[in-house]
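See below for protein09.cif, which holds mmCIF, N, CA and C atoms.
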data_target
loop_
_atom_site.label_atom_id
_atom_site.label_comp_id
_atom_site.auth_asym_id
_atom_site.auth_seq_id
_atom_site.Cartn_x
_atom_site.Cartn_y
_atom_site.Cartn_z
N MET A 84 122.81 130.66 125.08
CA MET A 84 122.27 130.31 123.78
C MET A 84 120.81 130.78 123.70
N ARG A 85 120.45 131.41 122.62
CA ARG A 85 119.08 131.89 122.41
C ARG A 85 118.14 130.70 122.20
N THR A 86 116.93 130.80 122.75
CA THR A 86 115.92 129.75 122.59
C THR A 86 114.74 130.31 121.81
N GLU A 87 114.27 129.53 120.85
CA GLU A 87 113.09 129.90 120.06
C GLU A 87 112.13 128.73 119.99
N ARG A 88 110.88 129.06 119.72
CA ARG A 88 109.86 128.03 119.51
C ARG A 88 109.67 127.82 118.02
N ALA A 89 109.42 126.58 117.64
CA ALA A 89 109.16 126.24 116.24
C ALA A 89 107.93 125.34 116.19
N VAL A 90 107.19 125.43 115.09
CA VAL A 90 105.98 124.64 114.91
C VAL A 90 106.02 123.97 113.54
N SER A 91 105.56 122.73 113.48
CA SER A 91 105.41 122.00 112.23
C SER A 91 104.11 121.23 112.27
N ALA A 92 103.71 120.71 111.11
CA ALA A 92 102.52 119.86 111.04
C ALA A 92 102.77 118.75 110.03
N GLY A 93 102.17 117.61 110.30
CA GLY A 93 102.36 116.46 109.42
C GLY A 93 101.24 115.46 109.57
N GLY A 94 101.47 114.28 109.01
CA GLY A 94 100.40 113.30 109.02
C GLY A 94 100.87 111.88 109.21
N VAL A 95 99.92 111.08 109.70
CA VAL A 95 100.07 109.64 109.78
C VAL A 95 99.06 109.09 108.77
N VAL A 96 99.57 108.67 107.62
CA VAL A 96 98.72 108.19 106.54
C VAL A 96 98.56 106.69 106.69
N TYR A 97 97.30 106.22 106.64
CA TYR A 97 97.05 104.79 106.79
C TYR A 97 96.18 104.28 105.66
N ARG A 98 96.24 102.97 105.50
CA ARG A 98 95.31 102.26 104.62
C ARG A 98 95.00 100.93 105.27
N GLY A 99 93.78 100.50 105.08
CA GLY A 99 93.35 99.22 105.62
C GLY A 99 93.59 98.14 104.60
N GLU A 100 94.23 97.09 105.02
CA GLU A 100 94.49 95.94 104.17
C GLU A 100 93.80 94.74 104.79
N LYS A 101 93.57 93.68 103.99
CA LYS A 101 92.89 92.50 104.52
C LYS A 101 93.66 91.88 105.68
N ASP A 102 94.98 92.07 105.68
CA ASP A 102 95.80 91.53 106.76
C ASP A 102 96.07 92.54 107.87
N GLY A 103 95.46 93.72 107.78
CA GLY A 103 95.65 94.72 108.83
C GLY A 103 95.87 96.11 108.25
N VAL A 104 96.31 97.00 109.12
CA VAL A 104 96.51 98.40 108.77
C VAL A 104 97.97 98.62 108.39
N GLU A 105 98.19 99.48 107.38
CA GLU A 105 99.54 99.87 106.99
C GLU A 105 99.68 101.38 107.11
N PHE A 106 100.92 101.81 107.39
CA PHE A 106 101.24 103.24 107.51
C PHE A 106 102.37 103.58 106.56
N ILE A 107 102.38 104.82 106.09
CA ILE A 107 103.45 105.30 105.21
C ILE A 107 104.57 105.89 106.06
N LEU A 108 105.81 105.53 105.75
CA LEU A 108 106.99 106.10 106.41
C LEU A 108 107.94 106.65 105.36
N CYS A 109 108.71 107.66 105.76
CA CYS A 109 109.69 108.29 104.89
C CYS A 109 111.08 107.94 105.41
N GLY A 110 111.95 107.47 104.51
CA GLY A 110 113.28 107.03 104.92
C GLY A 110 114.40 107.79 104.26
N ARG A 111 115.47 107.94 105.01
CA ARG A 111 116.69 108.60 104.52
C ARG A 111 117.86 107.66 104.81
N LYS A 112 118.75 107.52 103.85
CA LYS A 112 119.90 106.62 104.02
C LYS A 112 121.00 107.23 104.87
N THR A 113 121.29 108.54 104.68
CA THR A 113 122.36 109.20 105.42
C THR A 113 121.93 110.57 105.87
N PRO A 114 121.85 110.86 107.17
CA PRO A 114 121.96 109.87 108.22
C PRO A 114 120.72 108.97 108.21
N LYS A 115 120.89 107.73 108.63
CA LYS A 115 119.78 106.77 108.59
C LYS A 115 118.62 107.28 109.45
N LEU A 116 117.44 107.33 108.84
CA LEU A 116 116.25 107.86 109.52
C LEU A 116 115.00 107.29 108.89
N TRP A 117 114.04 106.91 109.71
CA TRP A 117 112.69 106.60 109.27
C TRP A 117 111.76 107.48 110.09
N GLY A 118 110.93 108.26 109.41
CA GLY A 118 110.05 109.17 110.13
C GLY A 118 108.73 109.39 109.42
N LEU A 119 107.93 110.23 110.04
CA LEU A 119 106.65 110.62 109.50
C LEU A 119 106.81 111.90 108.69
N PRO A 120 106.02 112.07 107.65
CA PRO A 120 106.10 113.31 106.86
C PRO A 120 105.56 114.50 107.65
N LYS A 121 106.32 115.61 107.59
CA LYS A 121 105.93 116.82 108.33
C LYS A 121 106.75 117.98 107.82
N GLY A 122 106.31 119.19 108.16
CA GLY A 122 107.08 120.36 107.75
C GLY A 122 106.54 121.64 108.35
N THR A 123 107.19 122.73 107.99
CA THR A 123 106.92 124.05 108.55
C THR A 123 105.87 124.81 107.76
N PRO A 124 104.96 125.49 108.45
CA PRO A 124 103.94 126.29 107.75
C PRO A 124 104.56 127.44 106.94
N ASN A 125 103.94 127.72 105.81
CA ASN A 125 104.25 128.94 105.08
C ASN A 125 103.55 130.09 105.80
N PRO A 126 103.99 131.34 105.61
CA PRO A 126 103.32 132.47 106.27
C PRO A 126 101.82 132.48 105.99
N GLY A 127 101.02 132.55 107.07
CA GLY A 127 99.57 132.61 106.95
C GLY A 127 98.89 131.27 106.71
N GLU A 128 99.64 130.18 106.61
CA GLU A 128 99.08 128.86 106.32
C GLU A 128 98.60 128.20 107.61
N SER A 129 97.44 127.58 107.58
CA SER A 129 96.92 126.87 108.76
C SER A 129 97.71 125.58 108.97
N LEU A 130 97.62 125.04 110.17
CA LEU A 130 98.30 123.77 110.46
C LEU A 130 97.75 122.65 109.59
N GLU A 131 96.44 122.63 109.37
CA GLU A 131 95.83 121.60 108.54
C GLU A 131 96.34 121.69 107.10
N ALA A 132 96.40 122.90 106.55
CA ALA A 132 96.89 123.09 105.18
C ALA A 132 98.37 122.71 105.09
N THR A 133 99.14 123.05 106.12
CA THR A 133 100.55 122.68 106.15
C THR A 133 100.70 121.17 106.14
N ALA A 134 99.94 120.50 106.98
CA ALA A 134 100.03 119.03 107.07
C ALA A 134 99.72 118.40 105.71
N ILE A 135 98.65 118.84 105.07
CA ILE A 135 98.30 118.26 103.77
C ILE A 135 99.40 118.54 102.74
N ARG A 136 99.85 119.78 102.65
CA ARG A 136 100.88 120.13 101.67
C ARG A 136 102.16 119.34 101.90
N GLU A 137 102.64 119.32 103.14
CA GLU A 137 103.90 118.63 103.44
C GLU A 137 103.80 117.13 103.20
N VAL A 138 102.70 116.52 103.60
CA VAL A 138 102.54 115.08 103.40
C VAL A 138 102.47 114.76 101.91
N GLU A 139 101.74 115.58 101.15
CA GLU A 139 101.66 115.35 99.71
C GLU A 139 103.02 115.52 99.04
N GLU A 140 103.78 116.55 99.43
CA GLU A 140 105.11 116.77 98.85
C GLU A 140 106.06 115.63 99.21
N GLU A 141 106.09 115.25 100.48
CA GLU A 141 107.08 114.29 100.95
C GLU A 141 106.75 112.84 100.61
N THR A 142 105.47 112.52 100.36
CA THR A 142 105.10 111.14 100.05
C THR A 142 104.70 110.92 98.60
N GLY A 143 104.27 111.95 97.89
CA GLY A 143 103.75 111.79 96.53
C GLY A 143 102.29 111.38 96.50
N LEU A 144 101.65 111.25 97.67
CA LEU A 144 100.25 110.82 97.76
C LEU A 144 99.32 112.02 97.90
N LYS A 145 98.12 111.92 97.39
CA LYS A 145 97.05 112.88 97.66
C LYS A 145 96.40 112.43 98.96
N VAL A 146 96.26 113.34 99.92
CA VAL A 146 95.77 112.93 101.23
C VAL A 146 94.61 113.80 101.72
N GLU A 147 93.90 113.24 102.68
CA GLU A 147 92.75 113.90 103.30
C GLU A 147 92.83 113.68 104.80
N ILE A 148 92.60 114.73 105.56
CA ILE A 148 92.63 114.64 107.03
C ILE A 148 91.34 113.99 107.53
N LYS A 149 91.51 113.04 108.45
CA LYS A 149 90.38 112.38 109.10
C LYS A 149 90.19 112.85 110.54
N ALA A 150 91.30 113.15 111.24
CA ALA A 150 91.21 113.58 112.65
C ALA A 150 92.55 114.14 113.09
N LEU A 151 92.50 114.97 114.12
CA LEU A 151 93.73 115.43 114.78
C LEU A 151 94.18 114.33 115.73
N LEU A 152 95.44 113.92 115.63
CA LEU A 152 95.99 112.89 116.52
C LEU A 152 96.57 113.48 117.80
N GLY A 153 97.15 114.65 117.68
CA GLY A 153 97.81 115.27 118.82
C GLY A 153 99.14 115.85 118.39
N SER A 154 100.00 116.11 119.37
CA SER A 154 101.29 116.73 119.06
C SER A 154 102.41 116.07 119.84
N ILE A 155 103.61 116.28 119.34
CA ILE A 155 104.82 115.88 120.04
C ILE A 155 105.68 117.12 120.20
N THR A 156 106.56 117.10 121.19
CA THR A 156 107.50 118.21 121.37
C THR A 156 108.90 117.64 121.56
N TYR A 157 109.88 118.41 121.14
CA TYR A 157 111.27 118.04 121.34
C TYR A 157 112.15 119.27 121.20
N TRP A 158 113.40 119.13 121.63
CA TRP A 158 114.39 120.20 121.57
C TRP A 158 115.46 119.82 120.55
N PHE A 159 116.01 120.82 119.87
CA PHE A 159 117.17 120.62 119.02
C PHE A 159 117.93 121.93 118.89
N VAL A 160 119.18 121.85 118.47
CA VAL A 160 120.03 123.02 118.28
C VAL A 160 120.41 123.11 116.81
N SER A 161 120.31 124.31 116.26
CA SER A 161 120.70 124.55 114.87
C SER A 161 121.26 125.96 114.76
N ASP A 162 122.43 126.08 114.16
CA ASP A 162 123.09 127.38 113.94
C ASP A 162 123.15 128.22 115.22
N GLY A 163 123.48 127.58 116.33
CA GLY A 163 123.66 128.30 117.58
C GLY A 163 122.37 128.72 118.28
N VAL A 164 121.22 128.22 117.78
CA VAL A 164 119.93 128.52 118.40
C VAL A 164 119.33 127.22 118.93
N ARG A 165 118.81 127.27 120.15
CA ARG A 165 118.13 126.12 120.75
C ARG A 165 116.64 126.27 120.47
N TYR A 166 116.06 125.24 119.84
CA TYR A 166 114.64 125.27 119.47
C TYR A 166 113.83 124.30 120.32
N HIS A 167 112.64 124.76 120.72
CA HIS A 167 111.64 123.89 121.33
C HIS A 167 110.54 123.75 120.29
N LYS A 168 110.46 122.57 119.70
CA LYS A 168 109.56 122.36 118.56
C LYS A 168 108.34 121.56 118.94
N THR A 169 107.19 121.98 118.43
CA THR A 169 105.94 121.24 118.56
C THR A 169 105.50 120.84 117.16
N VAL A 170 105.20 119.56 116.99
CA VAL A 170 104.72 119.05 115.71
C VAL A 170 103.32 118.49 115.92
N TYR A 171 102.35 119.02 115.16
CA TYR A 171 100.96 118.57 115.21
C TYR A 171 100.76 117.52 114.12
N PHE A 172 100.20 116.38 114.51
CA PHE A 172 99.97 115.29 113.56
C PHE A 172 98.48 115.03 113.37
N TYR A 173 98.13 114.74 112.13
CA TYR A 173 96.75 114.44 111.74
C TYR A 173 96.69 113.03 111.17
N LEU A 174 95.61 112.32 111.49
CA LEU A 174 95.34 111.02 110.89
C LEU A 174 94.83 111.29 109.48
N MET A 175 95.40 110.60 108.48
CA MET A 175 95.07 110.86 107.08
C MET A 175 94.86 109.57 106.30
N THR A 176 94.11 109.69 105.21
CA THR A 176 93.99 108.62 104.23
C THR A 176 94.46 109.16 102.89
N SER A 177 94.78 108.25 102.00
CA SER A 177 95.23 108.62 100.66
C SER A 177 94.12 108.37 99.66
N SER A 178 93.97 109.32 98.73
CA SER A 178 92.95 109.18 97.68
C SER A 178 93.59 109.10 96.30
N GLY A 179 94.89 108.86 96.25
CA GLY A 179 95.57 108.76 94.97
C GLY A 179 97.00 109.19 95.07
N GLY A 180 97.61 109.41 93.92
CA GLY A 180 99.03 109.75 93.88
C GLY A 180 99.87 108.49 93.89
N SER A 181 101.17 108.67 94.02
CA SER A 181 102.10 107.54 94.01
C SER A 181 103.34 107.90 94.82
N VAL A 182 103.82 106.95 95.61
CA VAL A 182 105.04 107.19 96.38
C VAL A 182 106.24 107.40 95.45
N ASP A 183 106.12 106.99 94.21
CA ASP A 183 107.19 107.23 93.23
C ASP A 183 107.37 108.72 92.95
N ARG A 184 106.39 109.54 93.36
CA ARG A 184 106.43 110.98 93.10
C ARG A 184 106.84 111.79 94.32
N HIS A 185 107.40 111.14 95.34
CA HIS A 185 107.82 111.87 96.55
C HIS A 185 108.97 112.82 96.21
N ASP A 186 109.09 113.87 97.02
CA ASP A 186 110.15 114.85 96.76
C ASP A 186 111.52 114.28 97.19
N PRO A 187 112.61 114.96 96.83
CA PRO A 187 113.95 114.42 97.11
C PRO A 187 114.41 114.53 98.57
N GLU A 188 113.57 115.06 99.45
CA GLU A 188 113.97 115.17 100.85
C GLU A 188 114.24 113.79 101.47
N PHE A 189 113.54 112.77 100.96
CA PHE A 189 113.72 111.40 101.45
C PHE A 189 114.16 110.50 100.31
N ASP A 190 114.90 109.45 100.67
CA ASP A 190 115.38 108.50 99.67
C ASP A 190 114.30 107.48 99.30
N VAL A 191 113.46 107.14 100.26
CA VAL A 191 112.43 106.14 100.01
C VAL A 191 111.19 106.47 100.84
N VAL A 192 110.03 106.20 100.25
CA VAL A 192 108.75 106.33 100.94
C VAL A 192 108.02 105.02 100.69
N GLN A 193 107.59 104.36 101.78
CA GLN A 193 106.93 103.07 101.57
C GLN A 193 105.92 102.77 102.68
N TRP A 194 105.01 101.85 102.34
CA TRP A 194 104.00 101.37 103.27
C TRP A 194 104.60 100.26 104.14
N PHE A 195 104.24 100.29 105.44
CA PHE A 195 104.67 99.26 106.38
C PHE A 195 103.46 98.75 107.15
N PRO A 196 103.38 97.44 107.42
CA PRO A 196 102.37 96.95 108.36
C PRO A 196 102.56 97.67 109.69
N ALA A 197 101.46 97.85 110.42
CA ALA A 197 101.46 98.68 111.64
C ALA A 197 102.60 98.36 112.60
N GLU A 198 102.73 97.11 112.99
CA GLU A 198 103.76 96.74 113.98
C GLU A 198 105.16 97.00 113.44
N GLU A 199 105.37 96.71 112.16
CA GLU A 199 106.68 96.94 111.55
C GLU A 199 106.97 98.45 111.46
N ALA A 200 105.93 99.24 111.17
CA ALA A 200 106.11 100.70 111.12
C ALA A 200 106.59 101.20 112.48
N MET A 201 105.96 100.72 113.54
CA MET A 201 106.33 101.20 114.88
C MET A 201 107.73 100.74 115.29
N SER A 202 108.16 99.58 114.83
CA SER A 202 109.52 99.12 115.17
C SER A 202 110.57 99.74 114.25
N THR A 203 110.15 100.32 113.12
CA THR A 203 111.08 100.92 112.15
C THR A 203 111.34 102.40 112.43
N LEU A 204 110.34 103.12 112.93
CA LEU A 204 110.50 104.56 113.18
C LEU A 204 111.71 104.85 114.06
N THR A 205 112.41 105.91 113.75
CA THR A 205 113.62 106.29 114.47
C THR A 205 113.34 106.90 115.84
N HIS A 206 112.29 107.72 115.93
CA HIS A 206 112.03 108.48 117.16
C HIS A 206 110.82 107.93 117.92
N LYS A 207 111.01 107.70 119.22
CA LYS A 207 109.96 107.11 120.07
C LYS A 207 108.70 107.98 120.10
N ASN A 208 108.84 109.30 120.07
CA ASN A 208 107.64 110.14 120.12
C ASN A 208 106.77 109.93 118.87
N GLU A 209 107.39 109.62 117.73
CA GLU A 209 106.61 109.31 116.53
C GLU A 209 105.99 107.91 116.63
N VAL A 210 106.68 106.98 117.29
CA VAL A 210 106.12 105.64 117.53
C VAL A 210 104.82 105.79 118.33
N ASN A 211 104.84 106.65 119.35
CA ASN A 211 103.65 106.86 120.18
C ASN A 211 102.49 107.44 119.36
N ILE A 212 102.79 108.35 118.43
CA ILE A 212 101.74 108.93 117.58
C ILE A 212 101.15 107.87 116.66
N VAL A 213 102.00 106.99 116.10
CA VAL A 213 101.49 105.92 115.23
C VAL A 213 100.66 104.93 116.06
N GLY A 214 101.07 104.67 117.30
CA GLY A 214 100.27 103.81 118.17
C GLY A 214 98.89 104.39 118.42
N LYS A 215 98.83 105.69 118.64
CA LYS A 215 97.54 106.37 118.82
C LYS A 215 96.71 106.28 117.54
N ALA A 216 97.36 106.47 116.40
CA ALA A 216 96.67 106.37 115.11
C ALA A 216 96.10 104.96 114.93
N LEU A 217 96.88 103.95 115.26
CA LEU A 217 96.42 102.57 115.12
C LEU A 217 95.21 102.31 115.99
N SER A 218 95.22 102.82 117.21
CA SER A 218 94.06 102.66 118.09
C SER A 218 92.82 103.33 117.50
N MET A 219 93.00 104.53 116.94
CA MET A 219 91.86 105.23 116.33
C MET A 219 91.34 104.47 115.12
N VAL A 220 92.26 104.01 114.28
CA VAL A 220 91.86 103.30 113.06
C VAL A 220 91.15 102.00 113.41
N ASN A 221 91.70 101.25 114.36
CA ASN A 221 91.07 100.00 114.75
C ASN A 221 89.68 100.24 115.33
N GLY A 222 89.52 101.30 116.09
CA GLY A 222 88.21 101.65 116.63
C GLY A 222 87.24 101.99 115.53
N LYS A 223 87.67 102.73 114.52
CA LYS A 223 86.82 103.09 113.39
C LYS A 223 86.47 101.88 112.56
N MET A 224 87.47 101.00 112.32
CA MET A 224 87.23 99.84 111.49
C MET A 224 86.23 98.89 112.16
N GLU A 225 86.38 98.72 113.48
CA GLU A 225 85.47 97.85 114.22
C GLU A 225 84.06 98.43 114.24
N GLY A 226 83.99 99.76 114.23
CA GLY A 226 82.69 100.43 114.26
C GLY A 226 82.05 100.53 112.87
N GLY A 227 82.71 100.01 111.86
CA GLY A 227 82.14 100.00 110.52
C GLY A 227 82.38 101.27 109.71
N VAL A 228 83.31 102.10 110.14
CA VAL A 228 83.57 103.33 109.39
C VAL A 228 84.64 103.09 108.35
#

Once more with this new file: its structure as structure tokens, please.
Amino acid sequence: MRTERAVSAGGVVYRGEKDGVEFILCGRKTPKLWGLPKGTPNPGESLEATAIREVEEETGLKVEIKALLGSITYWFVSDGVRYHKTVYFYLMTSSGGSVDRHDPEFDVVQWFPAEEAMSTLTHKNEVNIVGKALSMVNGKMEGGV
């Protein structure tokens, strides 16, 4: 089987609430999935531009990058090709928009309290990225940023 590399970029969008931090998750009913918004770069598009575009399309929110969180890697097979995929995630905030305007790729887009977001996500590697985001956000909030 032929092996190829694939790259995507996405975001962990957060907001601070009086009761804590919330994160946006994208859900699909069939097959059941809760994940982070992400997607593939267009030709010549930077990872940062890809992350902003994909997050805005998939969530309906206007977003801004605050920091690079890191990347995850995984393998999958599609159409007889084995892919080794790397997804770069950025910590983001929202400056407007509405989850009611998300694209049809997902059935629902909603905010979750941090702990609930981590227990709801389908893939452990995305749980780890949200955990890293929570640590960064808590550090910034404590530091007065």

Problem set entry | Residues matched by the PyMOL selection byres ((chain A and resi 125-132) around 8), written as a ChimeraX atom specification | /A:91-93,122-124,133-138,148,171,173

For this session: Would you return as a list in words the members of region 172-204 of chain A that DSSP assigns to strand (DSSP E) on this structure's backbone?
Result: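 Output for region 172-204 of chain A, strand (DSSP E) only: Phe172, Tyr173, Leu174, Met175, Thr176, Ser177, Ser178, Gly179, Gly180, Val191, Val192, Gln193, Trp194, Phe195 and Pro196 of chain A.
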
For this session: Write out as a list in words each polymer residue whose atoms come within 8 Å of Asp190 (chain A), counting all atoms listed in the file; drop sequence neighbours fewer than 5 positions from it.
Result: Cys109, Gly110, Arg111, Lys112 and Thr113 of chain A

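Note that the spacing between CA of Met175 (chain A) and CA of Leu152 (chain A) amounts to 9.7 Å.
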
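Checking A:Gln193, A:Ser161, A:Thr156, A:Ser202 one by one against Leu108 (chain A), counting all atoms listed in the file, you find the shortest gap at A:Gln193.
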
For this session: Just give me the gap between atom N of Ile155 (chain A) and atom N of Trp194 (chain A) in Å, one decimal is fine.
Result: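 Between atom N of Ile155 (chain A) and atom N of Trp194 (chain A) the gap is 22.3 Å.
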
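Each of A:Arg98, A:Lys115, A:Arg85, A:Lys121 was compared to Val170 (chain A) using only C-alpha atoms, and A:Lys121 turns out to be the nearest.
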
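Those residues of region 127-214 of chain A that DSSP, working from the backbone, places in alpha helix (DSSP H) are Leu130, Glu131, Ala132, Thr133, Ala134, Ile135, Arg136, Glu137, Val138, Glu139, Glu140, Glu141, Thr142, Ala197, Glu198, Glu199, Ala200, Met201, Ser202, Thr203, Lys207, Asn208, Glu209, Val210, Asn211, Ile212, Val213 and Gly214 of chain A.
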
For this session: Using CA of Val160 (chain A) and CA of Pro120 (chain A) as the two end points, give the distance in Å to one decimal.
Result: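 Atom-to-atom, CA of Val160 (chain A) to CA of Pro120 (chain A), that is 20.5 Å.
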
For this session: Taking the file above as input, evaluate the PyMOL selection byres (((chain A and resi 107 and name CA) around 8) and name CA) and report the hits as a list in words.
Result: Val95, Val96, Tyr97, Glu105, Phe106, Leu108, Cys109, Leu119, Thr142, Val192, Gln193, Trp194, Phe195 and Ala200 of chain A

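The smallest atom-to-atom distance between Gly103 (chain A) and any of A:Leu116, A:Val210, A:Leu174, A:Ala197, using all atoms listed in the file, is found for A:Ala197.
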
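Shortest separation to Glu147 (chain A) among A:Asn208, A:Ser178, A:Thr203, A:Thr86 occurs at residue A:Ser178, atoms counted being only N, CA and C atoms.
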
Problem set entry | Residue nearest Ala89 (chain A) among A:Ser181, A:Thr169, A:Thr176, A:Thr205 (counting only N, CA and C atoms) |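 Comparing A:Ser181, A:Thr169, A:Thr176, A:Thr205 against Ala89 (chain A), the winner is A:Thr169.
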
Exercise. Of the residues A:Val104, A:Ala150, A:Asp183, A:Val191, which is the one nearest to Asn221 (chain A), using only N, CA and C atoms?
Worked result: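 Closest to Asn221 (chain A) of all the choices is A:Val104.
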
Counting only C-alpha atoms, write as a compact mmCIF listing (two decimals) with N, CA and C atoms, keeping the file's coordinate frame all protein and nucleic acid residues lying at most 6 Å from (122.2, 129.4, 120.7) in the file's frame.
# COMPACT_ATOMS: atom_id res chain seq x y z
N MET A 84 122.81 130.66 125.08
CA MET A 84 122.27 130.31 123.78
C MET A 84 120.81 130.78 123.70
N ARG A 85 120.45 131.41 122.62
CA ARG A 85 119.08 131.89 122.41
C ARG A 85 118.14 130.70 122.20
N GLY A 163 123.48 127.58 116.33
CA GLY A 163 123.66 128.30 117.58
C GLY A 163 122.37 128.72 118.28
N VAL A 164 121.22 128.22 117.78
CA VAL A 164 119.93 128.52 118.40
C VAL A 164 119.33 127.22 118.93
N ARG A 165 118.81 127.27 120.15
CA ARG A 165 118.13 126.12 120.75
C ARG A 165 116.64 126.27 120.47

Save region 150-169 of chain A from what I just supplied, as an mmCIF file, in the first residue's frame, atoms limited to C-alpha atoms.
data_model
loop_
_atom_site.group_PDB
_atom_site.id
_atom_site.type_symbol
_atom_site.label_atom_id
_atom_site.label_comp_id
_atom_site.auth_asym_id
_atom_site.auth_seq_id
_atom_site.Cartn_x
_atom_site.Cartn_y
_atom_site.Cartn_z
ATOM 1 C CA ALA A 150 -0.428 31.078 20.067
ATOM 2 C CA LEU A 151 0.739 27.862 18.445
ATOM 3 C CA LEU A 152 -0.305 24.921 20.640
ATOM 4 C CA GLY A 153 1.579 22.191 18.819
ATOM 5 C CA SER A 154 0.691 19.284 16.580
ATOM 6 C CA ILE A 155 -0.747 15.809 16.628
ATOM 7 C CA THR A 156 -0.030 12.943 14.241
ATOM 8 C CA TYR A 157 -2.010 9.888 13.258
ATOM 9 C CA TRP A 158 -2.401 7.303 10.499
ATOM 10 C CA PHE A 159 -5.454 6.534 8.379
ATOM 11 C CA VAL A 160 -6.297 4.740 5.134
ATOM 12 C CA SER A 161 -8.408 6.224 2.355
ATOM 13 C CA ASP A 162 -8.962 4.933 -1.189
ATOM 14 C CA GLY A 163 -6.155 2.393 -0.868
ATOM 15 C CA VAL A 164 -3.592 4.961 0.346
ATOM 16 C CA ARG A 165 -2.100 4.959 3.851
ATOM 17 C CA TYR A 166 -1.686 8.512 5.184
ATOM 18 C CA HIS A 167 0.520 9.819 7.973
ATOM 19 C CA LYS A 168 -1.180 13.062 8.947
ATOM 20 C CA THR A 169 0.111 15.962 11.022
#
